[in-house]
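What follows is the content of model13.cif (mmCIF, C-alpha atoms; chains and numbers go by the auth columns).
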data_upload
loop_
_atom_site.group_PDB
_atom_site.id
_atom_site.type_symbol
_atom_site.label_atom_id
_atom_site.label_comp_id
_atom_site.label_asym_id
_atom_site.label_seq_id
_atom_site.Cartn_x
_atom_site.Cartn_y
_atom_site.Cartn_z
_atom_site.B_iso_or_equiv
_atom_site.auth_seq_id
_atom_site.auth_asym_id
ATOM 1 C CA MET A 1 -16.872 -16.341 11.711 0.00 1 W
ATOM 2 C CA PRO A 2 -13.733 -14.226 11.408 0.00 2 W
ATOM 3 C CA ARG A 3 -14.273 -11.830 8.532 0.00 3 W
ATOM 4 C CA VAL A 4 -12.192 -9.728 6.209 0.00 4 W
ATOM 5 C CA ASN A 5 -12.747 -6.216 7.484 0.00 5 W
ATOM 6 C CA TYR A 6 -9.789 -4.181 6.237 0.00 6 W
ATOM 7 C CA PHE A 7 -7.416 -3.937 3.287 0.00 7 W
ATOM 8 C CA GLU A 8 -3.903 -2.592 3.215 0.00 8 W
ATOM 9 C CA MET A 9 -1.746 -1.433 0.352 0.00 9 W
ATOM 10 C CA GLN A 10 1.753 -0.100 -0.026 0.00 10 W
ATOM 11 C CA ALA A 11 3.059 2.902 -1.886 0.00 11 W
ATOM 12 C CA ARG A 12 6.504 4.222 -2.685 0.00 12 W
ATOM 13 C CA GLU A 13 4.927 7.668 -2.691 0.00 13 W
ATOM 14 C CA PRO A 14 1.882 7.597 -0.423 0.00 14 W
ATOM 15 C CA GLU A 15 0.945 11.229 -1.184 0.00 15 W
ATOM 16 C CA ARG A 16 0.822 10.438 -4.891 0.00 16 W
ATOM 17 C CA ALA A 17 -1.315 7.348 -4.248 0.00 17 W
ATOM 18 C CA ALA A 18 -3.614 9.276 -1.905 0.00 18 W
ATOM 19 C CA GLU A 19 -4.174 11.867 -4.607 0.00 19 W
ATOM 20 C CA PHE A 20 -4.951 9.107 -7.104 0.00 20 W
ATOM 21 C CA TYR A 21 -7.639 7.489 -4.924 0.00 21 W
ATOM 22 C CA SER A 22 -9.200 10.734 -3.787 0.00 22 W
ATOM 23 C CA ASN A 23 -9.385 11.978 -7.397 0.00 23 W
ATOM 24 C CA VAL A 24 -10.800 8.757 -8.803 0.00 24 W
ATOM 25 C CA PHE A 25 -13.058 7.356 -6.068 0.00 25 W
ATOM 26 C CA GLY A 26 -13.373 10.256 -3.640 0.00 26 W
ATOM 27 C CA TRP A 27 -11.796 8.232 -0.812 0.00 27 W
ATOM 28 C CA LYS A 28 -10.767 10.242 2.217 0.00 28 W
ATOM 29 C CA ILE A 29 -7.145 9.484 3.083 0.00 29 W
ATOM 30 C CA LYS A 30 -5.401 11.025 6.070 0.00 30 W
ATOM 31 C CA LYS A 31 -2.075 10.486 7.747 0.00 31 W
ATOM 32 C CA TRP A 32 -2.251 8.334 10.863 0.00 32 W
ATOM 33 C CA ASP A 33 -1.547 10.151 14.111 0.00 33 W
ATOM 34 C CA GLY A 34 0.874 7.449 15.301 0.00 34 W
ATOM 35 C CA PRO A 35 4.511 6.442 15.402 0.00 35 W
ATOM 36 C CA ALA A 36 4.738 5.108 11.822 0.00 36 W
ATOM 37 C CA ASP A 37 4.266 6.518 8.324 0.00 37 W
ATOM 38 C CA TYR A 38 0.789 5.206 7.744 0.00 38 W
ATOM 39 C CA TRP A 39 -2.332 6.522 6.062 0.00 39 W
ATOM 40 C CA LEU A 40 -5.936 5.645 6.920 0.00 40 W
ATOM 41 C CA ILE A 41 -8.345 5.202 4.023 0.00 41 W
ATOM 42 C CA SER A 42 -12.041 5.862 4.491 0.00 42 W
ATOM 43 C CA THR A 43 -14.063 4.601 1.525 0.00 43 W
ATOM 44 C CA GLY A 44 -17.477 5.830 2.704 0.00 44 W
ATOM 45 C CA GLU A 45 -20.670 4.490 4.222 0.00 45 W
ATOM 46 C CA GLY A 46 -22.760 1.349 3.698 0.00 46 W
ATOM 47 C CA ASP A 47 -21.638 -2.152 2.736 0.00 47 W
ATOM 48 C CA GLY A 48 -17.901 -2.387 2.301 0.00 48 W
ATOM 49 C CA ILE A 49 -14.615 -2.038 4.127 0.00 49 W
ATOM 50 C CA ASP A 50 -12.010 0.631 4.846 0.00 50 W
ATOM 51 C CA GLY A 51 -8.279 0.305 4.467 0.00 51 W
ATOM 52 C CA GLY A 52 -4.835 1.684 5.079 0.00 52 W
ATOM 53 C CA MET A 53 -1.653 2.471 3.240 0.00 53 W
ATOM 54 C CA ALA A 54 1.945 1.964 4.344 0.00 54 W
ATOM 55 C CA LYS A 55 5.021 3.519 2.825 0.00 55 W
ATOM 56 C CA GLY A 56 7.093 0.791 1.242 0.00 56 W
ATOM 57 C CA GLU A 57 8.107 -1.122 -1.833 0.00 57 W
ATOM 58 C CA THR A 58 5.192 -2.305 -3.916 0.00 58 W
ATOM 59 C CA GLY A 59 4.585 -5.306 -6.100 0.00 59 W
ATOM 60 C CA ALA A 60 2.960 -7.607 -3.588 0.00 60 W
ATOM 61 C CA GLY A 61 -0.423 -5.933 -3.965 0.00 61 W
ATOM 62 C CA THR A 62 -3.006 -5.351 -1.289 0.00 62 W
ATOM 63 C CA ILE A 63 -3.241 -7.453 1.866 0.00 63 W
ATOM 64 C CA LEU A 64 -6.428 -8.453 3.672 0.00 64 W
ATOM 65 C CA SER A 65 -6.956 -8.191 7.393 0.00 65 W
ATOM 66 C CA ILE A 66 -9.239 -10.655 9.161 0.00 66 W
ATOM 67 C CA ASP A 67 -10.623 -9.876 12.614 0.00 67 W
ATOM 68 C CA VAL A 68 -10.295 -12.648 15.217 0.00 68 W
ATOM 69 C CA ASP A 69 -10.989 -13.070 18.959 0.00 69 W
ATOM 70 C CA SER A 70 -7.537 -14.429 19.719 0.00 70 W
ATOM 71 C CA VAL A 71 -4.339 -14.083 17.716 0.00 71 W
ATOM 72 C CA ASP A 72 -2.749 -16.911 19.735 0.00 72 W
ATOM 73 C CA GLU A 73 -5.556 -19.345 19.020 0.00 73 W
ATOM 74 C CA PHE A 74 -5.674 -18.551 15.296 0.00 74 W
ATOM 75 C CA THR A 75 -1.892 -18.694 14.933 0.00 75 W
ATOM 76 C CA LYS A 76 -2.104 -22.329 16.020 0.00 76 W
ATOM 77 C CA LYS A 77 -4.999 -23.012 13.650 0.00 77 W
ATOM 78 C CA ILE A 78 -3.249 -21.364 10.705 0.00 78 W
ATOM 79 C CA THR A 79 0.078 -23.154 11.138 0.00 79 W
ATOM 80 C CA GLY A 80 -1.761 -26.419 11.843 0.00 80 W
ATOM 81 C CA ALA A 81 -3.593 -26.083 8.516 0.00 81 W
ATOM 82 C CA GLY A 82 -0.435 -25.495 6.470 0.00 82 W
ATOM 83 C CA GLY A 83 -0.123 -21.696 6.645 0.00 83 W
ATOM 84 C CA LYS A 84 3.209 -19.975 7.276 0.00 84 W
ATOM 85 C CA VAL A 85 4.036 -17.227 9.759 0.00 85 W
ATOM 86 C CA ILE A 86 5.504 -14.179 8.033 0.00 86 W
ATOM 87 C CA LYS A 87 5.553 -11.931 11.100 0.00 87 W
ATOM 88 C CA PRO A 88 4.546 -13.343 14.499 0.00 88 W
ATOM 89 C CA LYS A 89 2.197 -11.690 16.974 0.00 89 W
ATOM 90 C CA HIS A 90 3.106 -8.106 17.749 0.00 90 W
ATOM 91 C CA ALA A 91 1.316 -5.150 19.302 0.00 91 W
ATOM 92 C CA LEU A 92 -0.156 -2.210 17.495 0.00 92 W
ATOM 93 C CA PRO A 93 -0.079 -0.017 20.606 0.00 93 W
ATOM 94 C CA GLY A 94 -3.517 1.175 21.654 0.00 94 W
ATOM 95 C CA SER A 95 -5.279 -0.815 18.912 0.00 95 W
ATOM 96 C CA GLY A 96 -4.607 -4.511 19.258 0.00 96 W
ATOM 97 C CA TRP A 97 -2.500 -7.503 18.319 0.00 97 W
ATOM 98 C CA LEU A 98 -1.455 -8.407 14.800 0.00 98 W
ATOM 99 C CA ALA A 99 0.211 -11.321 13.067 0.00 99 W
ATOM 100 C CA HIS A 100 1.002 -11.803 9.377 0.00 100 W
ATOM 101 C CA PHE A 101 0.702 -15.103 7.474 0.00 101 W
ATOM 102 C CA ALA A 102 0.770 -16.747 4.063 0.00 102 W
ATOM 103 C CA ASP A 103 -1.836 -19.348 3.136 0.00 103 W
ATOM 104 C CA THR A 104 -1.105 -22.582 1.252 0.00 104 W
ATOM 105 C CA GLU A 105 -1.151 -20.697 -2.094 0.00 105 W
ATOM 106 C CA GLY A 106 1.084 -17.751 -1.204 0.00 106 W
ATOM 107 C CA ASN A 107 -1.722 -15.260 -0.484 0.00 107 W
ATOM 108 C CA THR A 108 -0.766 -13.157 2.508 0.00 108 W
ATOM 109 C CA PHE A 109 -3.100 -11.814 5.172 0.00 109 W
ATOM 110 C CA TYR A 110 -3.133 -10.323 8.652 0.00 110 W
ATOM 111 C CA ILE A 111 -5.160 -11.401 11.607 0.00 111 W
ATOM 112 C CA MET A 112 -6.035 -8.718 14.128 0.00 112 W
ATOM 113 C CA GLU A 113 -7.354 -8.921 17.656 0.00 113 W
ATOM 114 C CA SER A 114 -8.721 -5.627 18.976 0.00 114 W
ATOM 115 C CA ASP A 115 -7.306 -4.617 22.349 0.00 115 W
ATOM 116 C CA PRO A 116 -6.970 -0.971 23.396 0.00 116 W
ATOM 117 C CA GLU A 117 -4.530 -2.075 26.131 0.00 117 W
ATOM 118 C CA ALA A 118 -2.071 -3.617 23.660 0.00 118 W
ATOM 119 C CA LYS A 119 1.473 -2.255 23.849 0.00 119 W
ATOM 120 C CA MET B 1 -18.401 6.767 -2.506 0.00 1 Z
ATOM 121 C CA PRO B 2 -17.424 3.556 -4.320 0.00 2 Z
ATOM 122 C CA ARG B 3 -16.310 1.091 -1.637 0.00 3 Z
ATOM 123 C CA VAL B 4 -14.273 -2.089 -1.490 0.00 4 Z
ATOM 124 C CA VAL B 5 -17.036 -4.704 -1.187 0.00 5 Z
ATOM 125 C CA PHE B 6 -15.456 -7.983 -2.234 0.00 6 Z
ATOM 126 C CA PHE B 7 -12.060 -9.646 -2.074 0.00 7 Z
ATOM 127 C CA GLU B 8 -10.476 -12.139 -4.401 0.00 8 Z
ATOM 128 C CA ILE B 9 -7.664 -14.561 -3.692 0.00 9 Z
ATOM 129 C CA LYS B 10 -5.754 -16.737 -6.125 0.00 10 Z
ATOM 130 C CA ALA B 11 -5.034 -20.426 -5.775 0.00 11 Z
ATOM 131 C CA ASP B 12 -3.027 -22.829 -7.897 0.00 12 Z
ATOM 132 C CA ASP B 13 -4.836 -25.582 -6.028 0.00 13 Z
ATOM 133 C CA PRO B 14 -8.326 -24.283 -5.142 0.00 14 Z
ATOM 134 C CA GLU B 15 -9.273 -27.431 -3.250 0.00 15 Z
ATOM 135 C CA ARG B 16 -6.248 -27.171 -0.981 0.00 16 Z
ATOM 136 C CA ALA B 17 -6.900 -23.451 -0.406 0.00 17 Z
ATOM 137 C CA SER B 18 -10.586 -23.918 0.420 0.00 18 Z
ATOM 138 C CA LYS B 19 -9.654 -26.638 2.892 0.00 19 Z
ATOM 139 C CA PHE B 20 -7.238 -24.224 4.552 0.00 20 Z
ATOM 140 C CA TYR B 21 -9.791 -21.424 4.964 0.00 21 Z
ATOM 141 C CA LYS B 22 -12.589 -23.784 6.009 0.00 22 Z
ATOM 142 C CA LYS B 23 -10.410 -25.336 8.660 0.00 23 Z
ATOM 143 C CA VAL B 24 -8.983 -22.096 10.000 0.00 24 Z
ATOM 144 C CA PHE B 25 -11.832 -19.574 9.750 0.00 25 Z
ATOM 145 C CA GLY B 26 -14.871 -21.710 8.944 0.00 26 Z
ATOM 146 C CA TRP B 27 -15.511 -19.908 5.632 0.00 27 Z
ATOM 147 C CA ARG B 28 -17.819 -21.539 3.100 0.00 28 Z
ATOM 148 C CA PHE B 29 -16.790 -22.126 -0.525 0.00 29 Z
ATOM 149 C CA GLU B 30 -19.194 -22.723 -3.358 0.00 30 Z
ATOM 150 C CA LYS B 31 -18.329 -23.350 -7.007 0.00 31 Z
ATOM 151 C CA PHE B 32 -19.836 -20.639 -9.137 0.00 32 Z
ATOM 152 C CA ASP B 33 -21.154 -21.029 -12.640 0.00 33 Z
ATOM 153 C CA ALA B 34 -18.746 -18.675 -14.451 0.00 34 Z
ATOM 154 C CA PRO B 35 -17.007 -18.829 -17.853 0.00 35 Z
ATOM 155 C CA TYR B 36 -13.948 -20.118 -15.926 0.00 36 Z
ATOM 156 C CA ASP B 37 -13.449 -21.930 -12.615 0.00 37 Z
ATOM 157 C CA TYR B 38 -14.542 -19.639 -9.809 0.00 38 Z
ATOM 158 C CA TRP B 39 -15.505 -20.129 -6.197 0.00 39 Z
ATOM 159 C CA LEU B 40 -17.597 -17.777 -4.048 0.00 40 Z
ATOM 160 C CA ILE B 41 -16.501 -17.384 -0.428 0.00 41 Z
ATOM 161 C CA THR B 42 -18.946 -16.644 2.373 0.00 42 Z
ATOM 162 C CA THR B 43 -17.387 -15.351 5.563 0.00 43 Z
ATOM 163 C CA SER B 44 -20.559 -14.447 7.459 0.00 44 Z
ATOM 164 C CA GLY B 45 -22.563 -16.968 9.409 0.00 45 Z
ATOM 165 C CA SER B 46 -26.012 -16.210 8.060 0.00 46 Z
ATOM 166 C CA GLY B 47 -27.879 -15.818 4.812 0.00 47 Z
ATOM 167 C CA GLU B 48 -27.409 -17.498 1.461 0.00 48 Z
ATOM 168 C CA ASP B 49 -26.513 -14.672 -0.892 0.00 49 Z
ATOM 169 C CA ASN B 50 -24.096 -13.274 1.604 0.00 50 Z
ATOM 170 C CA PHE B 51 -20.869 -14.128 -0.205 0.00 51 Z
ATOM 171 C CA ASP B 52 -18.150 -11.530 0.129 0.00 52 Z
ATOM 172 C CA GLY B 53 -15.127 -13.055 -1.512 0.00 53 Z
ATOM 173 C CA GLY B 54 -13.996 -15.191 -4.406 0.00 54 Z
ATOM 174 C CA MET B 55 -11.218 -17.517 -5.429 0.00 55 Z
ATOM 175 C CA VAL B 56 -9.764 -17.992 -8.884 0.00 56 Z
ATOM 176 C CA LYS B 57 -6.810 -19.727 -10.557 0.00 57 Z
ATOM 177 C CA PRO B 58 -4.071 -17.228 -11.486 0.00 58 Z
ATOM 178 C CA ALA B 59 -4.100 -18.244 -15.160 0.00 59 Z
ATOM 179 C CA ASP B 60 -7.792 -17.341 -15.412 0.00 60 Z
ATOM 180 C CA THR B 61 -7.305 -13.737 -14.350 0.00 61 Z
ATOM 181 C CA TYR B 62 -5.936 -12.408 -17.615 0.00 62 Z
ATOM 182 C CA ASP B 63 -6.656 -12.809 -21.263 0.00 63 Z
ATOM 183 C CA ALA B 64 -3.480 -13.588 -23.218 0.00 64 Z
ATOM 184 C CA SER B 65 -5.167 -12.573 -26.455 0.00 65 Z
ATOM 185 C CA VAL B 66 -5.936 -9.034 -25.320 0.00 66 Z
ATOM 186 C CA ASP B 67 -2.786 -7.301 -26.550 0.00 67 Z
ATOM 187 C CA ALA B 68 0.978 -7.428 -26.922 0.00 68 Z
ATOM 188 C CA ASN B 69 1.494 -6.283 -23.341 0.00 69 Z
ATOM 189 C CA SER B 70 -0.496 -9.159 -21.912 0.00 70 Z
ATOM 190 C CA ALA B 71 2.592 -10.939 -20.509 0.00 71 Z
ATOM 191 C CA LYS B 72 3.543 -7.853 -18.537 0.00 72 Z
ATOM 192 C CA ARG B 73 -0.045 -7.393 -17.402 0.00 73 Z
ATOM 193 C CA ALA B 74 -0.277 -11.031 -16.417 0.00 74 Z
ATOM 194 C CA ARG B 75 2.819 -10.583 -14.263 0.00 75 Z
ATOM 195 C CA ILE B 76 1.373 -7.540 -12.481 0.00 76 Z
ATOM 196 C CA ILE B 77 -1.839 -9.446 -11.797 0.00 77 Z
ATOM 197 C CA GLU B 78 0.088 -12.502 -10.623 0.00 78 Z
ATOM 198 C CA ASP B 79 2.178 -10.331 -8.275 0.00 79 Z
ATOM 199 C CA ASN B 80 -1.055 -8.989 -6.823 0.00 80 Z
ATOM 200 C CA ARG B 81 -2.222 -12.213 -5.226 0.00 81 Z
ATOM 201 C CA ASN B 82 -5.166 -10.604 -3.550 0.00 82 Z
ATOM 202 C CA VAL B 83 -7.325 -8.188 -5.533 0.00 83 Z
ATOM 203 C CA ASN B 84 -10.123 -6.186 -3.948 0.00 84 Z
ATOM 204 C CA ILE B 85 -13.268 -5.250 -5.807 0.00 85 Z
ATOM 205 C CA ILE B 86 -14.579 -1.685 -5.745 0.00 86 Z
ATOM 206 C CA ARG B 87 -18.280 -1.441 -6.513 0.00 87 Z
ATOM 207 C CA VAL B 88 -19.411 1.443 -8.724 0.00 88 Z
ATOM 208 C CA GLU B 89 -22.678 2.520 -10.327 0.00 89 Z
ATOM 209 C CA ASP B 90 -21.271 3.804 -13.630 0.00 90 Z
ATOM 210 C CA ILE B 91 -18.277 1.731 -14.688 0.00 91 Z
ATOM 211 C CA ASP B 92 -17.571 3.591 -17.948 0.00 92 Z
ATOM 212 C CA SER B 93 -16.945 6.886 -16.194 0.00 93 Z
ATOM 213 C CA TYR B 94 -14.091 5.383 -14.152 0.00 94 Z
ATOM 214 C CA ILE B 95 -11.872 4.272 -17.039 0.00 95 Z
ATOM 215 C CA PRO B 96 -10.962 7.832 -18.155 0.00 96 Z
ATOM 216 C CA LYS B 97 -10.790 8.992 -14.531 0.00 97 Z
ATOM 217 C CA ILE B 98 -8.234 6.292 -13.708 0.00 98 Z
ATOM 218 C CA GLU B 99 -6.123 6.980 -16.795 0.00 99 Z
ATOM 219 C CA GLU B 100 -6.164 10.740 -16.208 0.00 100 Z
ATOM 220 C CA ALA B 101 -5.078 10.211 -12.614 0.00 101 Z
ATOM 221 C CA GLY B 102 -2.045 8.137 -13.677 0.00 102 Z
ATOM 222 C CA GLY B 103 -3.432 4.604 -13.364 0.00 103 Z
ATOM 223 C CA THR B 104 -3.231 1.842 -15.997 0.00 104 Z
ATOM 224 C CA ILE B 105 -6.027 -0.417 -17.192 0.00 105 Z
ATOM 225 C CA ILE B 106 -4.626 -3.943 -16.779 0.00 106 Z
ATOM 226 C CA MET B 107 -7.581 -5.911 -18.081 0.00 107 Z
ATOM 227 C CA PRO B 108 -10.207 -4.085 -20.158 0.00 108 Z
ATOM 228 C CA LYS B 109 -13.885 -3.957 -19.356 0.00 109 Z
ATOM 229 C CA HIS B 110 -15.675 -7.226 -19.912 0.00 110 Z
ATOM 230 C CA ALA B 111 -18.909 -8.902 -18.853 0.00 111 Z
ATOM 231 C CA ILE B 112 -19.540 -11.712 -16.442 0.00 112 Z
ATOM 232 C CA PRO B 113 -22.887 -12.739 -17.969 0.00 113 Z
ATOM 233 C CA GLY B 114 -25.808 -12.208 -15.618 0.00 114 Z
ATOM 234 C CA ILE B 115 -23.598 -10.655 -12.943 0.00 115 Z
ATOM 235 C CA GLY B 116 -22.102 -7.446 -14.223 0.00 116 Z
ATOM 236 C CA TRP B 117 -19.230 -5.599 -15.836 0.00 117 Z
ATOM 237 C CA LEU B 118 -15.693 -5.362 -14.564 0.00 118 Z
ATOM 238 C CA PHE B 119 -12.163 -4.248 -15.367 0.00 119 Z
ATOM 239 C CA TYR B 120 -8.822 -4.330 -13.532 0.00 120 Z
ATOM 240 C CA PHE B 121 -6.451 -1.409 -13.088 0.00 121 Z
ATOM 241 C CA ALA B 122 -3.069 -0.755 -11.477 0.00 122 Z
ATOM 242 C CA ASP B 123 -2.684 2.446 -9.465 0.00 123 Z
ATOM 243 C CA THR B 124 0.358 4.749 -9.537 0.00 124 Z
ATOM 244 C CA GLU B 125 2.169 2.326 -7.148 0.00 125 Z
ATOM 245 C CA SER B 126 1.307 -0.931 -9.040 0.00 126 Z
ATOM 246 C CA ASN B 127 -1.423 -2.040 -6.622 0.00 127 Z
ATOM 247 C CA VAL B 128 -4.203 -3.754 -8.573 0.00 128 Z
ATOM 248 C CA PHE B 129 -7.926 -3.315 -7.923 0.00 129 Z
ATOM 249 C CA CYS B 130 -10.973 -4.519 -9.815 0.00 130 Z
ATOM 250 C CA VAL B 131 -13.834 -2.100 -10.558 0.00 131 Z
ATOM 251 C CA MET B 132 -17.225 -3.717 -10.940 0.00 132 Z
ATOM 252 C CA GLN B 133 -20.740 -2.634 -11.764 0.00 133 Z
ATOM 253 C CA TRP B 134 -23.422 -5.143 -10.803 0.00 134 Z
ATOM 254 C CA SER B 135 -25.915 -5.766 -13.628 0.00 135 Z
ATOM 255 C CA CYS B 136 -28.002 -8.861 -14.252 0.00 136 Z
ATOM 256 C CA ASN B 137 -28.344 -7.720 -17.894 0.00 137 Z
ATOM 257 C CA ALA B 138 -24.600 -7.905 -18.606 0.00 138 Z
ATOM 258 C CA GLU B 139 -23.668 -10.225 -21.448 0.00 139 Z
#
In structure tokens, what does this structure look like?
Amino acid sequence: MPRVNYFEMQAREPERAAEFYSNVFGWKIKKWDGPADYWLISTGEGDGIDGGMAKGETGAGTILSIDVDSVDEFTKKITGAGGKVIKPKHALPGSGWLAHFADTEGNTFYIMESDPEAK
Amino acid sequence: MPRVVFFEIKADDPERASKFYKKVFGWRFEKFDAPYDYWLITTSGSGEDNFDGGMVKPADTYDASVDANSAKRARIIEDNRNVNIIRVEDIDSYIPKIEEAGGTIIMPKHAIPGIGWLFYFADTESNVFCVMQWSCNAE
């Protein structure tokens, strides 16, 4: 089954947030070596998931990412079941394909299809 | 390190939401015997105790009697539709750490009997997380 394997949060001041999480939980947070202001969060080993942080306005909370085999196939399933597209399929170059949705209750989530050839 | 091990989503209509996730991703939902309505979500194909998420009604995620700021706290929790749970071994040590680092405790430590202890905090950017210590002796 497609699983939740990543969380994402936003921060007006990502450096301040990174300091908060490294002080409190010891998470290792480093700036992504890519074309956007993005930080990768490593929460450690064992059961659990890692996350990321984007620079932006907050208030919407964290967002889950669910890994799928095919963004196209799941886009159809999601809209067919009453979900709404927030941002349609787009490439995360070198990593994969992403799309952003809201469920029937207003919870938002990403689906992600890994594909190193994506551009 | 304490990791994010569990996710929680909110639903005004839990039946409608569980239908959505069953239909789309095949997740399993099971009503859980908690002090309020709660559903455990299993996203993996195997095993019984393999739940990794939960679903709750927004109104059950705060305690209006806690203090005078509860309306504000309720709003922050409501804005944070999805809350991730960070598992720790020593929950009490994290409350002062979070406050010293600039975070705010949104819902104080309380027990889920037979399951463990938890509290909710907002970070410096208003993202909410839940910190939980598993303990079958919690009451």
| said: For the provided coordinates, the residues matched by the PyMOL selection byres ((chain Z) within 8 of (chain W)) should be stated as number ranges by chain. | reply: Z: 1-6, 9-13, 16-17, 20, 23-27, 43-45, 76, 79-84, 94, 97-98, 101-103, 123-128
Size and centre in Å, one decimal, axis-aligned box, all listed region 75-81 of chain W atoms plus 4 Å per side, as AutoDock Vina command-line options:
--center_x -2.5 --center_y -22.6 --center_z 12.3 --size_x 13.1 --size_y 15.7 --size_z 15.5
| Given the choices W:Ile29, W:Ala102, W:Glu15, W:Ser114, which gets closest to Asp69 (chain W) if the distance is worked out from all atoms listed in the file? |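 Going through W:Ile29, W:Ala102, W:Glu15, W:Ser114 one by one, the smallest distance to Asp69 (chain W) is for W:Ser114.
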| What does the distance from CA of Ile115 (chain Z) to CA of Pro14 (chain Z) come to in Å, to one decimal? |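 Here the two named atoms are 21.9 Å from each other.
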| field | Atom pair CA of Glu113 (chain W) / CA of His90 (chain W): separation (Å) | value |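 Computing it gives 10.5 Å between the two atoms.
One distance worth recording is that between CA of Gly116 (chain Z) and CA of Ile91 (chain Z), which is 10.0 Å.
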| said: Running the PyMOL selection byres ((chain Z and resi 56) around 7) on this model by hand, what would come out? Give it as a list in words. | reply: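 Given this file, the PyMOL selection byres ((chain Z and resi 56) around 7) evaluates to Ile9, Lys10, Ala11, Asp37, Tyr38, Trp39, Gly54, Met55, Lys57, Pro58 and Asp60 of chain Z.
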| said: For the PyMOL selection byres ((chain Z and resi 29) around 7), applied here, can you spell out every residue it catches as a count of residues only? | reply: 9
| query | Hey, what's within 10 Å of Asp92 (chain Z) if we count all atoms listed in the file and toss same-chain stuff fewer than 4 positions away? As an NGL selection string, please? | reply | :Z and (88 or 96-97 or 109 or 117-119 or 133)
